[in-house]
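> One structure follows; several queries about it will come next.
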Amino acid sequence: MSQNEAFSRVLIDHALTESGWNLLDPQQVRFEYNTTSGRADYLLLDSLGRVLCVLEAKREDFDPYDAKEQARGYAENLQAPFVLLSNGREHWFWNFARADQRDAYRIERLPSRDDLDRVRLKNLRPPRPLLTERIGPDYLRPLKPDITLRGYQLRAIEAIARGFDEQGRRKFLLEMATGTGKTLLCAALIRHFLVTRQAERVLFIVDRIELAKQTMEDFNVVLAEYKPVIFKTARRTGDLLGSSVVVATIQSLMVDRRYREEFTPFYFDLVVNDEAHRSIYGDAREVVQFFQATRIGLTATPKAYLKNLNLRQLAAEDPQALEARQLRDTYHYFGCEPGQPTYRYDIVDAVQDPEGPFLCLPKIIDCRSDITTQALQEAGWSVVVNEQEENFKIQDLERKIFTPHRNRVMCDAFLREAQRDPTGEIGRTIIFAVNQTHATALTKTLNEIKPGLALTITSRIPDAASLAKDFRDRKRPERVAVSVDMLSTGYNCRDLLNVVLMRPVFSPTEYIQIKGRGTRLYTFVVGNTEYEKKHFFLLDFCAVAEFFEEKYDYAAPLKLPRPGEKRPAPVRYDAGEPRNWQVGEGGAGGEESSGQSGGQSRREIPVWEGTDRIVSQEVRIVGPNGEKVDIMTFRGSFERDLKEFAEENDDLRDAVAAEDDDSIETILQERFYHRPEMFYSPDKLVVSYGVPAPTPAFVYNALGKRPLPTKDKVVDDTVDSIAARFNLRYRDAKWLHATAELVADDQQALSDFLGARYQRLFERNQFRLLGGLAALTRFPDRDEVFEALRQSSLVECSRQALKLAS
């Protein structure tokens with residue numbers, strides 16, 4: 001044994017011990033076991049002394065996957081159902097006994113003996129493919145009659161099923177706009193895995209206990225027979241063992257490393273991360289990686305730490321920096337290319353969906369006071385404090401200086417401009433404050449103006465979660481909730497008409513999440529009359545919308561947090577001294593407030609006793625394409641970069657002006673596509689926009705020449721062109737249209753069409769209505785017509801997207 005392999009064995013021994021194996025017990029682990037095929041490095045045994053698993057060890061610089069065939073011989077000789085391949089750093093697992101499991105897959109923790117016993121029992125009744133379970137709009141209706149799955153939810157489920165069954169993928173990322181029913185989608189996905197036996201136990205991870213309780217409201221209906229539980233309470237009551245669905249906060253799993261005490265690495269078959277961009281960093285990442293399960297991440301705002309970077313250059317110049325970015329990048333963690341989730345459905349999609357709309361956009365009211373206007377300037381707001389002139393920026397207000405009259409002016413303006421509900425009352429509202437103390441001050445001011453109007457919902461308010469739930473369910477009389485961070489994510493208040501920013505926001509992720517509180521549609525019923533919520537008001541008192549529309553640099557790579565960087569300590573009010581404030585270093589406010597240590601210094605935060613007034617107000621109705629912050633995904637980046645490219649290249653501008661499609665194709669292929677920042681390509685554009693169009697169509701759209709056609713328009717134009725060429729009769733043109741429509745929407749149908757597998761393709765319902773296969777035989781020039789469709793831009797673009805997905 002070489003020195004390198006000996007070191008690998010030390011790492012493997014440690015990994016086995018971490019998973020509960022007793023290396024000193026020959027009834028559990030045997031070493032260097034001779035077989036007719038050679039000497040097996042490790043044998044892992046069950047409680048009856050039978051070989052459960054062959055573990056082949058390799059030196060650290062050797063790819064353990066390459067030892068697969070060597071280990072196969074040992075497994076066949078010893079009739080072991082499982083194979084592990086490891087170099088101590090990297091582990092691969094192969095369910096060798098399953099005929100349909102032809103390959104090993106990467107795992108991050110070695111399985112325990114209980115894990116292997118459970119997988120062996122599962123092998124006796126193998127699961128069936130996800131695609132064998134029909135999922136339609138009424139999939140959940142037997143459980144709750146008023147639930148209907150929408151088209152985009154069905155497409156998301158299918159994207160995962162195809163990746164799982166056809167590509168063997170075990171990591172998926174769904175990028176879904178806030179308000180598009182992620183919890184219901186998760187319930188359908190989980191049920192899909194459980195019914196097909198692809199999962200026996202599921203872990204659903206959220207980032208706050210309030211979200212766990214909210215999730216259970218849906219799970220108790222849709223997944224009732226699987227006995228869903230909340231981990232925090234079930235571990236005390238003993239209900240964990242009887243449950244197939246466990247809902248947990250990342251914090252409850254991390255406390256005292258309970259996830260290791262309660263579970264083994266293979267305990268769960270499916271792990272779903274809600275708000276996935278929050279739960280894959282630091283200690284939380286260790287929790288998520290512990291479980292060797294299929295992983296599905298859901299988020300409206302993935303963190304793209306690999307975006308806008310030359311990855312090859314970074315790998316050569318600073319590989320550690322690249323690794324740090326990879327660890328934090330949401331796309332990379334869930335096995336996706338930069339900016340390319342498994343499935344995306346953003347707010348623009350939801351507003352423009354032909355089946356919808358399913359969300360609404362804001363009417364932005366930009367309202368600025370004199371103090372705010374000055375604080376937004378480069379020099380800041382200049383004011384004399386203790387006989388010294390000081391300057392305060394917008395982020396300093398209510399942190400480094402208190403401005404009571406500014407608060408009063410903002411509250412007055414809010415009451416004057418807020419959207420009313422159909423009864424004439426101020427519509428239900430969430431106001432986002434700088435910190436908890438500011439939230440309390442705003443609530444007091446509002447209730448001084450109109451008693452009983454507002455309540456504070458922050459983490460230091462007793463039973464805040466119940467207050468939030470009662471406000472959401474209209475069980476409280478107050479119309480306004482004042483908060484900081486607690487209601488910014490995962491809070492579903494459908495009849496919310498006003499979102500108010502009385503604090504600055506500098507993170508696009510946070511801004512999108514806050515806006516998401518108001519995007520849900522709602523129908524008000526007054527007497528016998530219904531009123532639809534068309535939009536919500538975003539009352540912006542800190543120029544947040546302008547910042548993200550005009551000043552935020554979307555081209556700059558995200559900055560990594562500095563090692564050891566912590567959130568600034570929060571401000572706390574000392575009730576004994578009205579104008580003395582106990583502050584941590586930096587004096588920043590936040591949602592969470594904890595007492596400071598007794599040795600911490602005090603300083604006095606000044607109170608501005610002067611007056612303020614509103615000096616400007618603008619109203620902007622956001623159009624169907626959303627705000628800039630809504631579209632700066634792959635599509636937004638493409639359009640921005642293409643405009644810059646066109647400004648620098650006269651030949652592209654000339655080709656666009658002349659509508660010279662061939663030149664446009666050539667220029668982009670040779671000089672724009674496949675650059676190392678976002679690796680734009682025709683297939684990625686087809687997937688991202690959801691339109692099977694050629695490159696020039698995307699270029700004309702991005703440069704404002706003409707709008708991108710819809711998928712339906714592309715299908716119609718293709719069919720019209722082919723029908724005219726072959727002089728098709730109405731019946732045959734209908735058949736061609738049904739075929740074109742299907743191959744543009746369905747990857748399996750496209751594959752069947754390209755392979756001329758017509759019997760399977762044309763057995764679908766839409767063709768039965770046209771007479772089925774018998775009618776197809778009466779289709780003149782059928783082969784020539786189908787070949788023309790194969791050669792069309794529609795099919796070629798769809799084929800490129802299919803290749804990308806594969």
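Each chain in the structure tokens gets a letter, A, B and so on, in the order shown; residues start at 1 in every chain, and ligands are counted from 1 in the order they appear.
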Which polymer residues have any atom within 8 Å of an atom of stretch 665-668 of chain A, counting only C-alpha atoms, with same-chain residues fewer than 6 positions away left out, as a list in words?

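Here the qualifying residues turn out to be Leu652, Thr695 and Pro696 of chain A.
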
> Do a neighbour search on A:Ile107 at 8 Å with only C-alpha atoms, toss out local chain neighbours closer than 2 positions, and write the hits as a list in words.

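Neighbouring residues, sequence-local ones excluded: Glu90, His91, Trp92, Phe93, Tyr105, Arg109, Leu110 and Gln292 of chain A.
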
> Write out the residues from the selection above, keeping C-alpha atoms, as a PDB file, in the first residue's frame.


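Resulting contents of result.pdb:
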ATOM      1  CA  GLU A  90     -14.669  12.000  -2.875  1.00  0.00           C
ATOM      2  CA  HIS A  91     -17.206   9.176  -2.547  1.00  0.00           C
ATOM      3  CA  TRP A  92     -19.352   7.376  -5.133  1.00  0.00           C
ATOM      4  CA  PHE A  93     -22.275   5.036  -4.410  1.00  0.00           C
ATOM      5  CA  TYR A 105     -23.338   8.587  -8.433  1.00  0.00           C
ATOM      6  CA  ARG A 109     -21.297  11.266   3.217  1.00  0.00           C
ATOM      7  CA  LEU A 110     -20.871   7.515   3.497  1.00  0.00           C
ATOM      8  CA  GLN A 292     -27.469  11.967   0.529  1.00  0.00           C
TER       9      GLN A 292
END

> What lies within 9 Å of A:Arg128 using only C-alpha atoms, ignoring chain neighbours under 6 positions off, as a ChimeraX atom specification?

/A:196-198

> Create the file for the chosen residues now, containing C-alpha atoms and written as a PDB file, in the first residue's frame.


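So result-v8.pdb came out as:
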ATOM      1  CA  THR A 196     -43.879   6.561  -7.274  1.00  0.00           C
ATOM      2  CA  ARG A 197     -41.750   5.337  -4.329  1.00  0.00           C
ATOM      3  CA  GLN A 198     -38.793   7.380  -5.541  1.00  0.00           C
TER       4      GLN A 198
END

> Using Å and a single decimal, report how far atom CA of A:Ala350 sits from atom CA of A:Leu184.

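Atom-to-atom, atom CA of A:Leu184 to atom CA of A:Ala350, that is 16.0 Å.
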
> When distances are computed from only C-alpha atoms, which of A:Ile394, A:Val351, A:Leu467, A:Cys53 shows the smallest separation from A:Glu378?

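Under the stated criterion, the closest residue is A:Ile394.
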
> Please measure the separation of atom CA of A:Phe172 and atom CA of A:Phe290, giving the value in Å to one decimal.

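Calculated distance between atom CA of A:Phe172 and atom CA of A:Phe290 is 17.2 Å.
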
> Please list as a list of chain:residue names every residue within 10 Å of A:Thr710, counting only C-alpha atoms and excluding residues in the same chain fewer than 3 positions away.

A:Tyr689, A:Gly690, A:Val691, A:Pro692, A:Ala693, A:Pro707, A:Lys713, A:Val714, A:Val715, A:Asp716

> Between atom CA of A:Thr443 and atom CA of A:Gly427, measure the distance and give it in Å to one decimal.

16.2 Å

> Give the answer as one residue: which of A:Asn727, A:Gln214, A:Thr233, A:Ser244 has the shortest atom-to-atom distance to A:Asp473, using only C-alpha atoms?

A:Gln214

> Please provide as a list in words all residues within 6 Å of stretch 399-404 of chain A, with the sequence filter that same-chain residues fewer than 5 positions apart are discarded (counting only C-alpha atoms).

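That gives Ala588, Ile605, Pro606, Val607 and Trp608 of chain A.
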
> Counting only C-alpha atoms, what is within 7 Å of A:Thr456, bar same-chain residues fewer than 2 positions away, as a PyMOL selection string?

chain A and resi 439-440+443+454+458+481-483

> Selected residues, N, CA, C and O atoms, written as a PDB file, in the first residue's frame, please.


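The file below, again-v1.pdb, is the result:
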ATOM      1  N   ALA A 439     -39.398  50.880  13.744  1.00  0.00           N
ATOM      2  CA  ALA A 439     -40.726  50.295  13.528  1.00  0.00           C
ATOM      3  C   ALA A 439     -41.689  50.722  14.628  1.00  0.00           C
ATOM      4  O   ALA A 439     -42.843  51.100  14.364  1.00  0.00           O
ATOM      5  N   THR A 440     -41.227  50.673  15.856  1.00  0.00           N
ATOM      6  CA  THR A 440     -42.076  51.085  16.978  1.00  0.00           C
ATOM      7  C   THR A 440     -42.445  52.559  16.873  1.00  0.00           C
ATOM      8  O   THR A 440     -43.600  52.957  17.100  1.00  0.00           O
ATOM      9  N   THR A 443     -45.111  53.020  14.219  1.00  0.00           N
ATOM     10  CA  THR A 443     -46.415  52.538  14.680  1.00  0.00           C
ATOM     11  C   THR A 443     -47.065  53.556  15.619  1.00  0.00           C
ATOM     12  O   THR A 443     -48.272  53.846  15.509  1.00  0.00           O
ATOM     13  N   ALA A 454     -52.390  50.760  13.186  1.00  0.00           N
ATOM     14  CA  ALA A 454     -51.166  50.000  12.911  1.00  0.00           C
ATOM     15  C   ALA A 454     -50.764  49.128  14.086  1.00  0.00           C
ATOM     16  O   ALA A 454     -51.116  49.407  15.246  1.00  0.00           O
ATOM     17  N   THR A 458     -42.399  42.533  14.750  1.00  0.00           N
ATOM     18  CA  THR A 458     -40.965  42.277  14.652  1.00  0.00           C
ATOM     19  C   THR A 458     -40.618  41.178  15.642  1.00  0.00           C
ATOM     20  O   THR A 458     -41.441  40.800  16.494  1.00  0.00           O
ATOM     21  N   ALA A 481     -49.302  46.784   9.057  1.00  0.00           N
ATOM     22  CA  ALA A 481     -48.285  46.077   9.848  1.00  0.00           C
ATOM     23  C   ALA A 481     -46.944  46.746   9.578  1.00  0.00           C
ATOM     24  O   ALA A 481     -46.547  46.931   8.427  1.00  0.00           O
ATOM     25  N   VAL A 482     -46.244  47.115  10.641  1.00  0.00           N
ATOM     26  CA  VAL A 482     -44.929  47.743  10.519  1.00  0.00           C
ATOM     27  C   VAL A 482     -43.886  46.720  10.944  1.00  0.00           C
ATOM     28  O   VAL A 482     -43.952  46.170  12.048  1.00  0.00           O
ATOM     29  N   SER A 483     -42.927  46.452  10.071  1.00  0.00           N
ATOM     30  CA  SER A 483     -41.953  45.398  10.323  1.00  0.00           C
ATOM     31  C   SER A 483     -40.574  45.838   9.841  1.00  0.00           C
ATOM     32  O   SER A 483     -40.389  46.969   9.372  1.00  0.00           O
TER      33      SER A 483
END

> Between A:Lys363, A:Arg460, A:Arg472, A:Arg729, which one has atoms that come closest to A:Asn498, using only C-alpha atoms?

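For A:Asn498, the nearest of the candidates is A:Lys363.
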